[in-house]
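See structure below.
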Amino acid sequence: MSETTSTQYSIALRVALDNVPGVLGRLTSAIGEAGGNIFAIDGFVAKGPLLERDIVVNCSSVEHQATVVAAVEAVEGVTLDEWWDRTFRMHEGGKIEVLPLCPVGDRDDLSMAYTPGVARVCTAIHEDESKADELTIRKNTVAIVSDGTAVLGLGDIGPKAAMPVMEGKALLFKEFAGVDAFPICLDVDNPDDLIETVVRLAPTFGGVNLEDIAAPHAFTIEETLKERLDIPVFHDDQHGTAVVTLAGLENALRLVGKEMGDIRVVIAGMGAAGLAIGKILINAGVGELIGTDRRGAIRIGRDGLNFAKEWFAENTNPQQRDGTLSEMLVGADVFIGVSGPGLVSRADVEAMADDPIVFAMANPDPEITPEDAGDAVGIMATGRSDYPNQINNVLAFPGIFRGALDVAASDITENMKLAAARAIADAVGADARRDFIVPSVFDRDVPVAVAAAVAEAARRDGVARR
């Protein structure tokens with residue numbers, strides 16, 4: 001059993017306690033002895049022979065939940081009426097719904113919202129299709145499209161099992177940027193089927209957020225949809241991660257006194273995120289960049305390169321270095337990991353340049369933990385919320401789409417991504433320190449700033465239609 005409890009495994013206990021001295025103390029002690037961490041107890045005044053209470057307990061696993069429940073059931077003077085897993089309870093019935101924006105309280109309302117008045121609006125759009133961007137939900141609606149082939153750290157689990165993630169994404173779109181998003185999980189057998197389906201769905205939406213699609217198909221799907229559609233298409237696993245990584249790196253470099261053009265960066269993991277991070281760093285003017293995968297450094301002519309890695313080989317590693325990840329890290333200024341757990345040792349970090357910057361972003365277990373890196377690292381970031389400097393896509397995608405929709409952008413350009421990264425970095429500003437290089441995901445000023453920067457970049461790039 002893990003010793004670390006967390007909210008994701010929290011349970012709610014509804015109990016009835018005998019109103020006699022010592023019962024509550026025995027209950028809390030039993031929970032603690034079982035390794036549970038009491039997160040909340042509803043307030044109460046002791047009246048009557050029984051006290052009915054709700055208690056929230058953080059656990060470390062499903063098995064640990066059962067252990068805590070058994071411990072509660074064994075306490076004398078306590079009756080467990082019911083208990084539930086709070087994460088599963090949150091997901092019951094889904095996490096989003098559709099709400100009306102106008103009343104339909106009488107015949108006059110009905111005649112405008114629906115027939116016969118709606119025909120006037122249909123005719124106006126038929127005569128000028130651009131009016132759909134103002135007169136329908138396209139103005140503020142994004143499709144979150146997935147085939148369920150690369151869901152979180154779970155892999156290819158299929159479209160139905162991917163739905164909770166896409167619903168969660170829709171929730172975040174609305175909560176942080178006011179964007180209406182809807183999950184579209186597709187049961188398809190190949191990239192062409194997904195592409196054709198999205199093209200046919202496109203008249204309903206003002207943008208497409210691709211999510212949890214396995215590489216290398218993800219690259220083909222995004223590029224093809226960008227060519228065929230006149231609305232923004234954005235693969236968040238690639239570009240959202242890249243934008244926030246660049247934002248954090250800009251602040252980290254400022255703190256250690258290094259310039260982007262002078263550093264050597266090593267990336268571990270040449271999937272969707274790793275390749276996108278490489279591209280945005282190239283656009284940001286990085287000095288030297290080397291990518292690595294299971295076979296070592298990416299270089300021209302190496303075996304096992306798909307078309308995406310071939311592009312990377314042709315545009316990075318100018319000295320055509322060859323070797324393992326550990327060998328590439330010798331003398332490197334920055335390590336960025338989007339691969340798997342435990343790939344980097346403390347000795348690897350010690351072999352890097354002075355004041356090394358380590359972004360170990362594999363989830364849930366990073367390439368190296370802050371505890372293992374210790375004082376060998378200068379600045380460290382991970383993908384986890386329980387460590388400082390979390391590189392979290394929530395800082396990017398809500399504001400990026402908010403800005404793109406606000407100006408009815410036809411595309412999300414490289415300059416729009418760079419503008420988003422700078423806005424995120426600037427949100428930290430003078431408050432930056434080694435354990436604070438990216439803002440909190442709950443800083444509501446961030447998506448506003450990102451949206452404004454993205455909208456302005458869209459105007460400069462000529463893709464804004466509003």
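Residue numbering restarts at 1 in every chain; chains get A, B, ... in the order shown in the structure tokens, and ligands count up from 1 in that same order.
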
As an MDAnalysis selection string, please: every residue in stretch 60-241 of chain A that DSSP puts in strand (DSSP E).
chainID A and resid 78:85 141:146 180:185 207:210 233:235
